[in-house]
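Novice: structure_17.pdb is reproduced in full below (PDB, C-alpha atoms).
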```
ATOM      1  CA  MET W   1       0.000   0.000   0.000
ATOM      2  CA  SER W   2       2.774   2.448   0.874
ATOM      3  CA  GLU W   3       4.588   1.692  -2.408
ATOM      4  CA  ILE W   4       1.482   2.701  -4.367
ATOM      5  CA  LEU W   5       1.182   5.915  -2.347
ATOM      6  CA  ILE W   6       4.836   6.790  -2.959
ATOM      7  CA  LEU W   7       4.479   5.976  -6.665
ATOM      8  CA  GLY W   8       1.350   8.169  -6.840
ATOM      9  CA  ILE W   9       3.172  11.079  -5.193
ATOM     10  CA  ILE W  10       6.067  10.713  -7.645
ATOM     11  CA  VAL W  11       3.700  10.639 -10.641
ATOM     12  CA  VAL W  12       1.877  13.745  -9.394
ATOM     13  CA  ALA W  13       5.195  15.535  -8.831
ATOM     14  CA  VAL W  14       6.422  14.672 -12.341
ATOM     15  CA  LEU W  15       3.155  15.798 -13.936
ATOM     16  CA  ALA W  16       3.232  19.036 -11.950
ATOM     17  CA  PHE W  17       6.831  19.646 -13.036
ATOM     18  CA  PHE W  18       6.066  19.262 -16.733
ATOM     19  CA  ASN W  19       2.900  21.381 -16.460
ATOM     20  CA  ARG W  20       4.314  24.051 -14.145
ATOM     21  CA  GLU W  21       3.976  26.846 -16.720
ATOM     22  CA  ARG W  22       0.299  26.066 -17.289
ATOM     23  CA  ILE W  23      -0.313  25.822 -13.540
ATOM     24  CA  LYS W  24       1.476  29.136 -12.931
ATOM     25  CA  ASN W  25      -0.546  30.922 -15.619
ATOM     26  CA  ARG W  26      -3.782  29.429 -14.289
ATOM     27  CA  PHE W  27      -3.332  30.534 -10.686
ATOM     28  CA  PHE W  28      -1.093  33.600 -11.182
ATOM     29  CA  PRO W  29      -2.067  35.172 -14.534
ATOM     30  CA  ASP W  30       0.045  37.944 -15.998
ATOM     31  CA  GLU W  31      -1.806  41.180 -15.235
ATOM     32  CA  LYS W  32      -0.386  43.052 -18.198
ATOM     33  CA  ARG W  33      -1.453  40.420 -20.704
ATOM     34  CA  ASN W  34      -5.024  41.725 -20.739
ATOM     35  CA  TYR W  35      -4.076  45.400 -20.920
ATOM     36  CA  THR W  36      -5.636  47.514 -23.632
ATOM     37  CA  ILE W  37      -3.432  49.868 -25.622
ATOM     38  CA  ASP W  38      -4.529  52.739 -23.381
ATOM     39  CA  ASP W  39      -3.699  50.749 -20.242
ATOM     40  CA  GLN W  40      -0.231  49.942 -21.603
ATOM     41  CA  PHE W  41       0.390  53.573 -22.513
ATOM     42  CA  ASN W  42      -0.744  54.798 -19.091
ATOM     43  CA  SER W  43       1.327  52.170 -17.296
ATOM     44  CA  GLU W  44       4.461  53.125 -19.244
ATOM     45  CA  LYS W  45       3.731  56.814 -18.638
ATOM     46  CA  ARG W  46       3.449  56.232 -14.862
ATOM     47  CA  ASP W  47       6.729  54.313 -14.877
ATOM     48  CA  ARG W  48       8.467  57.132 -16.782
ATOM     49  CA  GLU W  49       7.048  59.738 -14.392
ATOM     50  CA  LYS W  50       8.235  57.758 -11.356
ATOM     51  CA  GLU W  51      11.734  57.533 -12.776
ATOM     52  CA  ILE W  52      11.759  61.248 -13.637
ATOM     53  CA  ASP W  53      10.585  62.080 -10.107
ATOM     54  CA  ARG W  54      13.337  59.894  -8.641
ATOM     55  CA  LEU W  55      16.003  61.626 -10.743
ATOM     56  CA  LEU W  56      14.638  65.109 -10.011
ATOM     57  CA  SER W  57      14.532  64.448  -6.272
ATOM     58  CA  LYS W  58      18.114  63.244  -6.428
ATOM     59  CA  MET W  59      19.024  66.398  -8.348
ATOM     60  CA  GLY W  60      17.066  68.628  -5.947
ATOM     61  CA  LYS W  61      19.319  67.796  -3.013
ATOM     62  CA  ASN W  62      22.615  69.091  -4.420
ATOM     63  CA  GLY W  63      21.774  70.391  -7.867
ATOM     64  CA  VAL W  64      22.614  69.085 -11.303
ATOM     65  CA  ASN W  65      26.153  68.201 -10.244
ATOM     66  CA  ASP W  66      24.778  65.454  -7.998
ATOM     67  CA  LEU W  67      23.606  63.449 -11.026
ATOM     68  CA  SER W  68      25.965  61.049 -12.725
ATOM     69  CA  GLU W  69      26.487  61.231 -16.474
ATOM     70  CA  LYS W  70      24.275  58.173 -16.883
ATOM     71  CA  ASP W  71      21.484  59.806 -14.832
ATOM     72  CA  ARG W  72      21.728  63.021 -16.870
ATOM     73  CA  LYS W  73      21.428  61.112 -20.134
ATOM     74  CA  ARG W  74      18.479  59.114 -18.801
ATOM     75  CA  LEU W  75      16.701  62.257 -17.574
ATOM     76  CA  ASP W  76      17.261  63.918 -20.938
ATOM     77  CA  GLU W  77      15.953  60.823 -22.728
ATOM     78  CA  LEU W  78      12.864  60.610 -20.542
ATOM     79  CA  SER W  79      12.081  64.304 -20.889
ATOM     80  CA  ARG W  80      11.939  63.971 -24.677
ATOM     81  CA  LYS W  81       9.193  61.321 -24.596
TER      82      LYS W  81
END
```
So that I can check it, write out the structure of this file as structure tokens.
Specialist:
Amino acid sequence: MSEILILGIIVVAVLAFFNRERIKNRFFPDEKRNYTIDDQFNSEKRDREKEIDRLLSKMGKNGVNDLSEKDRKRLDELSRK
């Protein structure tokens, strides 16, 4: 009886392993997959605004000289969008 139980557990584990992607998508669906074009645009816009705010707050402490060259380029790139 215990051998059958162990074999059953192993079979279930193997099946779960090979179907893990399907199981993950079933119980934890990707939220952005069902976004409309407007939702995607607004989400990207919020992300850009958060990054701009982070860079501006960093700059606000000690001025422009506090930003690294990489941060300056990124801020310039984000401000053009």
Novice: Where does the PyMOL selection byres ((chain W and resi 75) around 12) land in this file, that is, which residues does it pick, as a VMD selection string?
Specialist: chain W and resid 48 to 59 64 67 to 74 76 to 81
Novice: So how far away is atom CA of W:Ile37 from atom CA of W:Arg22, in Å?
Specialist: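 Atom-to-atom, atom CA of W:Arg22 and atom CA of W:Ile37 are spaced 25.5 Å apart.
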Novice: How many Å separate atom CA of W:Gly63 from atom CA of W:Asn42?
Specialist: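 A separation of 29.6 Å between them.
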Novice: Just need the box for stretch 40-48 of chain W, edges along x, y and z, holding every atom the file lists for it with 3 Å tacked onto each side, so centre and edge lengths in Å to one decimal, as AutoDock Vina command-line options.
Specialist:
```
--center_x 3.9 --center_y 53.5 --center_z -18.7 --size_x 15.2 --size_y 13.2 --size_z 13.7
```
Novice: Report, in Å with one decimal, the straight-line distance from atom CA of W:Met1 to atom CA of W:Phe18.
Specialist: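 Interatomic distance here is 26.2 Å.
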